[in-house]
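Undergrad: Data file my_file.cif (mmCIF, C-alpha atoms) is appended below.
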```cif
data_final
#
loop_
_atom_site.label_atom_id
_atom_site.label_comp_id
_atom_site.auth_asym_id
_atom_site.auth_seq_id
_atom_site.Cartn_x
_atom_site.Cartn_y
_atom_site.Cartn_z
CA MET M 1 0.00 0.00 0.00
CA ARG M 2 1.32 3.40 -0.91
CA ALA M 3 1.84 6.09 1.70
CA GLN M 4 -0.80 8.38 0.18
CA ARG M 5 -3.43 5.62 0.19
CA ARG M 6 -2.54 4.64 3.76
CA ASN M 7 -2.86 8.27 4.90
CA ARG M 8 -6.33 8.51 3.32
CA LEU M 9 -7.40 5.31 5.06
CA PHE M 10 -6.23 6.64 8.43
CA MET M 11 -8.01 9.95 7.75
CA VAL M 12 -11.29 8.16 6.97
CA ILE M 13 -10.98 5.97 10.07
CA PHE M 14 -10.20 9.04 12.21
CA ILE M 15 -13.26 10.91 10.84
CA LEU M 16 -15.55 7.90 11.44
CA ILE M 17 -14.31 7.54 15.01
CA GLY M 18 -14.89 11.28 15.58
CA ILE M 19 -18.42 11.06 14.20
CA GLY M 20 -19.11 8.03 16.39
CA ILE M 21 -17.91 9.78 19.53
CA ALA M 22 -19.93 12.93 18.73
CA THR M 23 -23.06 10.83 18.10
CA ALA M 24 -22.61 8.92 21.36
CA LEU M 25 -22.19 12.14 23.36
CA THR M 26 -25.25 13.73 21.72
CA LEU M 27 -27.46 10.70 22.35
CA ASN M 28 -26.29 10.53 25.96
CA ALA M 29 -27.19 14.21 26.48
CA PHE M 30 -30.64 13.66 24.97
CA ARG M 31 -31.27 10.61 27.16
CA GLN M 32 -30.40 12.51 30.32
CA ASN M 33 -32.50 15.57 29.45
CA ILE M 34 -35.60 14.01 27.95
CA LEU M 35 -38.81 14.29 29.95
CA PHE M 36 -41.54 11.79 29.21
CA PHE M 37 -45.22 12.58 29.73
CA PHE M 38 -47.46 10.21 31.67
CA THR M 39 -51.13 10.30 32.62
CA PRO M 40 -52.30 9.53 36.16
CA THR M 41 -53.62 6.18 34.90
CA GLN M 42 -50.18 5.27 33.56
CA VAL M 43 -48.53 6.34 36.83
CA VAL M 44 -50.97 4.23 38.88
CA ALA M 45 -50.32 1.28 36.53
CA GLY M 46 -46.58 1.55 37.27
CA GLU M 47 -45.50 2.66 33.78
CA ALA M 48 -43.77 5.81 35.05
CA PRO M 49 -40.10 5.64 36.08
CA SER M 50 -39.30 5.90 39.77
CA GLY M 51 -36.39 8.18 40.63
CA HIS M 52 -36.21 9.77 37.15
CA PRO M 53 -37.89 13.11 36.29
CA PHE M 54 -40.98 13.05 34.08
CA ARG M 55 -44.11 15.10 33.45
CA ILE M 56 -47.64 14.26 34.54
CA GLY M 57 -50.71 16.08 33.30
CA GLY M 58 -54.43 16.22 33.83
CA LEU M 59 -56.93 18.17 35.88
CA VAL M 60 -56.53 19.37 39.44
CA ALA M 61 -59.06 17.22 41.33
CA VAL M 62 -61.91 19.13 42.96
CA ASP M 63 -61.59 19.50 46.76
CA SER M 64 -58.04 18.14 46.74
CA VAL M 65 -55.96 21.31 47.21
CA GLU M 66 -54.45 21.59 50.70
CA ARG M 67 -52.10 24.42 51.57
CA ALA M 68 -49.73 24.13 54.53
CA ALA M 69 -50.08 26.99 56.98
CA GLY M 70 -47.11 29.32 57.05
CA SER M 71 -45.31 27.83 54.03
CA LEU M 72 -45.53 27.55 50.27
CA LYS M 73 -46.09 23.77 50.40
CA VAL M 74 -49.21 22.57 48.58
CA HIS M 75 -50.73 19.10 48.26
CA PHE M 76 -53.22 18.32 45.50
CA ASP M 77 -54.35 15.49 43.25
CA VAL M 78 -54.02 15.35 39.48
CA THR M 79 -56.66 13.27 37.74
CA ASP M 80 -57.50 12.10 34.24
CA THR M 81 -61.09 11.37 35.42
CA VAL M 82 -60.24 7.68 35.87
CA ASN M 83 -57.29 7.69 38.31
CA SER M 84 -55.61 10.28 40.51
CA VAL M 85 -52.05 10.86 41.65
CA SER M 86 -51.14 12.85 44.78
CA VAL M 87 -48.77 15.74 44.12
CA THR M 88 -46.73 17.87 46.49
CA TYR M 89 -45.20 21.15 45.43
CA GLU M 90 -43.31 23.81 47.32
CA GLY M 91 -43.21 27.17 45.63
CA ILE M 92 -45.38 29.80 44.06
CA LEU M 93 -48.18 28.34 41.95
CA PRO M 94 -49.23 29.93 38.64
CA ASP M 95 -52.03 32.49 38.84
CA LEU M 96 -54.31 30.23 36.79
CA PHE M 97 -53.91 27.25 39.13
CA LYS M 98 -57.27 26.17 40.57
CA GLU M 99 -59.40 23.07 41.06
CA GLY M 100 -60.73 21.62 37.82
CA GLN M 101 -57.95 23.36 35.87
CA GLY M 102 -55.74 21.55 33.35
CA ILE M 103 -52.10 21.43 34.44
CA VAL M 104 -48.80 19.75 33.66
CA THR M 105 -46.27 19.16 36.42
CA LYS M 106 -42.62 18.17 36.22
CA GLY M 107 -40.98 16.20 38.98
CA ILE M 108 -40.11 12.80 40.45
CA LEU M 109 -42.23 10.00 41.86
CA ASP M 110 -41.12 9.15 45.39
CA GLY M 111 -41.15 5.72 47.02
CA LYS M 112 -44.64 6.24 48.48
CA GLY M 113 -46.28 6.91 45.11
CA VAL M 114 -46.48 10.68 45.65
CA PHE M 115 -45.34 12.90 42.81
CA VAL M 116 -42.91 15.56 44.10
CA ALA M 117 -43.25 18.41 41.62
CA SER M 118 -40.45 20.83 40.85
CA GLU M 119 -42.54 22.86 38.41
CA VAL M 120 -46.27 23.39 37.85
CA LEU M 121 -47.64 24.78 34.59
CA ALA M 122 -51.28 25.83 34.15
CA LYS M 123 -53.08 26.50 30.90
CA HIS M 124 -53.03 30.14 29.83
CA ASP M 125 -56.68 30.59 28.80
CA GLU M 126 -59.92 28.65 28.93
CA ASN M 127 -59.46 27.09 25.47
CA TYR M 128 -55.93 25.78 25.82
CA MET M 129 -54.73 22.54 27.32
CA PRO M 130 -51.37 20.91 26.63
CA PRO M 131 -51.88 18.43 23.75
CA GLU M 132 -50.60 15.49 25.80
CA ALA M 133 -53.01 16.25 28.65
CA GLU M 134 -55.97 16.78 26.33
CA HIS M 135 -55.28 13.49 24.55
CA ALA M 136 -54.88 11.67 27.86
CA LEU M 137 -58.17 13.05 29.20
CA ARG M 138 -60.04 12.05 26.04
CA ALA M 139 -58.55 8.54 26.14
CA ALA M 140 -59.46 8.16 29.82
CA GLN M 141 -63.03 9.34 29.20
CA THR M 142 -63.37 6.92 26.28
CA LEU M 143 -62.06 4.09 28.47
CA GLN M 144 -64.47 5.01 31.25
CA ASN M 145 -67.43 5.25 28.84
CA ASN M 146 -66.62 1.82 27.37
CA SER M 147 -66.40 0.24 30.83
CA ASP M 148 -69.76 1.77 31.85
CA LYS M 149 -71.58 0.02 28.99
#
```
Show how you would write the structure in this file as structure tokens.

TA:
Amino acid sequence: MRAQRRNRLFMVIFILIGIGIATALTLNAFRQNILFFFTPTQVVAGEAPSGHPFRIGGLVAVDSVERAAGSLKVHFDVTDTVNSVSVTYEGILPDLFKEGQGIVTKGILDGKGVFVASEVLAKHDENYMPPEAEHALRAAQTLQNNSDK
């Protein structure tokens, strides 16, 4: 093999190794930063990861909001009209947060099955709901209607 041909071969191998390393680093960053969305029914069924952040969405259950006296800690339930998940959050809630309101929360499921939220997002007007939450609510209502028949 001539020197020029050998140099080209090494250059191609070097470029392929570089592309492989860059791809591996990119995929690793995506895997660590991706947040999956789950419905309360999926969380109750055990489909949600424990100890890894994810999002849960649905409606704030009526008569479930409990505020701790003298702190910003709030306990409430998120429901998809079939199942509910208890949520705790410490911080300032959005102005539009209220019972019966569509929300999406980001956080981690603890060992007791309580979702510890790090962020709470509420819809910004009466016509908007996050697409994942709206789809989950429709699917849950369809499931409930089919089981009632």

Undergrad: Could you list, as a PyMOL selection string, every residue within 12 Å of Gly111 of chain M, counting only C-alpha atoms and ignoring same-chain residues fewer than 6 positions away?

TA: chain M and resi 46+49-52

Undergrad: What's the separation between atom CA of Thr88 of chain M and atom CA of Thr41 of chain M, in Å to one decimal place?

TA: 17.8 Å

Undergrad: Hey, which bits of segment 89-108 of chain M sit within 10 Å of segment 69-75 of chain M, and for each residue what's the closest pair of atoms and how far apart in Å (one decimal), counting all atoms listed in the file, rows by chain and increasing number, as JSON lines?

TA:
```
{"residue": "M:Tyr89", "atom": "CA", "partner": "M:Val74", "partner_atom": "CA", "distance": 5.3}
{"residue": "M:Glu90", "atom": "CA", "partner": "M:Lys73", "partner_atom": "CA", "distance": 4.1}
{"residue": "M:Gly91", "atom": "CA", "partner": "M:Leu72", "partner_atom": "CA", "distance": 5.2}
{"residue": "M:Ile92", "atom": "CA", "partner": "M:Leu72", "partner_atom": "CA", "distance": 6.6}
{"residue": "M:Leu93", "atom": "CA", "partner": "M:Leu72", "partner_atom": "CA", "distance": 8.8}
```

Undergrad: Next, dump the selected residues to file, keeping only C-alpha atoms, as a PDB file, keeping the file's coordinate frame.

TA:
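Result file again_21.pdb:
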```
ATOM      1  CA  TYR M  89     -45.200  21.150  45.430  1.00  0.00           C
ATOM      2  CA  GLU M  90     -43.310  23.810  47.320  1.00  0.00           C
ATOM      3  CA  GLY M  91     -43.210  27.170  45.630  1.00  0.00           C
ATOM      4  CA  ILE M  92     -45.380  29.800  44.060  1.00  0.00           C
ATOM      5  CA  LEU M  93     -48.180  28.340  41.950  1.00  0.00           C
TER       6      LEU M  93
END
```

Undergrad: Which value, in Å to one decimal, gives the distance between atom CA of Leu27 of chain M and atom CA of Met11 of chain M?

TA: 24.3 Å

Undergrad: Pick out the closest residue to Val120 of chain M from this set: M:Gly58, M:Pro94, M:Gly20, M:Pro53. Count all atoms listed in the file.

TA: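 Smallest distance to Val120 of chain M is found for M:Pro94.
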
Undergrad: Could you check the closest approach to Ser64 of chain M for each of M:Asn83, M:Glu99, M:Thr105, M:Ile34 and tell me which residue wins, using only C-alpha atoms?

TA: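 Checking each of M:Asn83, M:Glu99, M:Thr105, M:Ile34 against Ser64 of chain M, counting only C-alpha atoms, the winner is M:Glu99.
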
Undergrad: Identify all residues satisfying the PyMOL selection byres ((chain M and resi 39) around 6) in the given file; provide them as a PDB file with C-alpha atoms, keeping the file's coordinate frame.

TA:
```pdb
ATOM      1  CA  PHE M  38     -47.460  10.210  31.670  1.00  0.00           C
ATOM      2  CA  PRO M  40     -52.300   9.530  36.160  1.00  0.00           C
ATOM      3  CA  THR M  41     -53.620   6.180  34.900  1.00  0.00           C
ATOM      4  CA  GLN M  42     -50.180   5.270  33.560  1.00  0.00           C
ATOM      5  CA  ILE M  56     -47.640  14.260  34.540  1.00  0.00           C
ATOM      6  CA  GLY M  57     -50.710  16.080  33.300  1.00  0.00           C
TER       7      GLY M  57
END
```
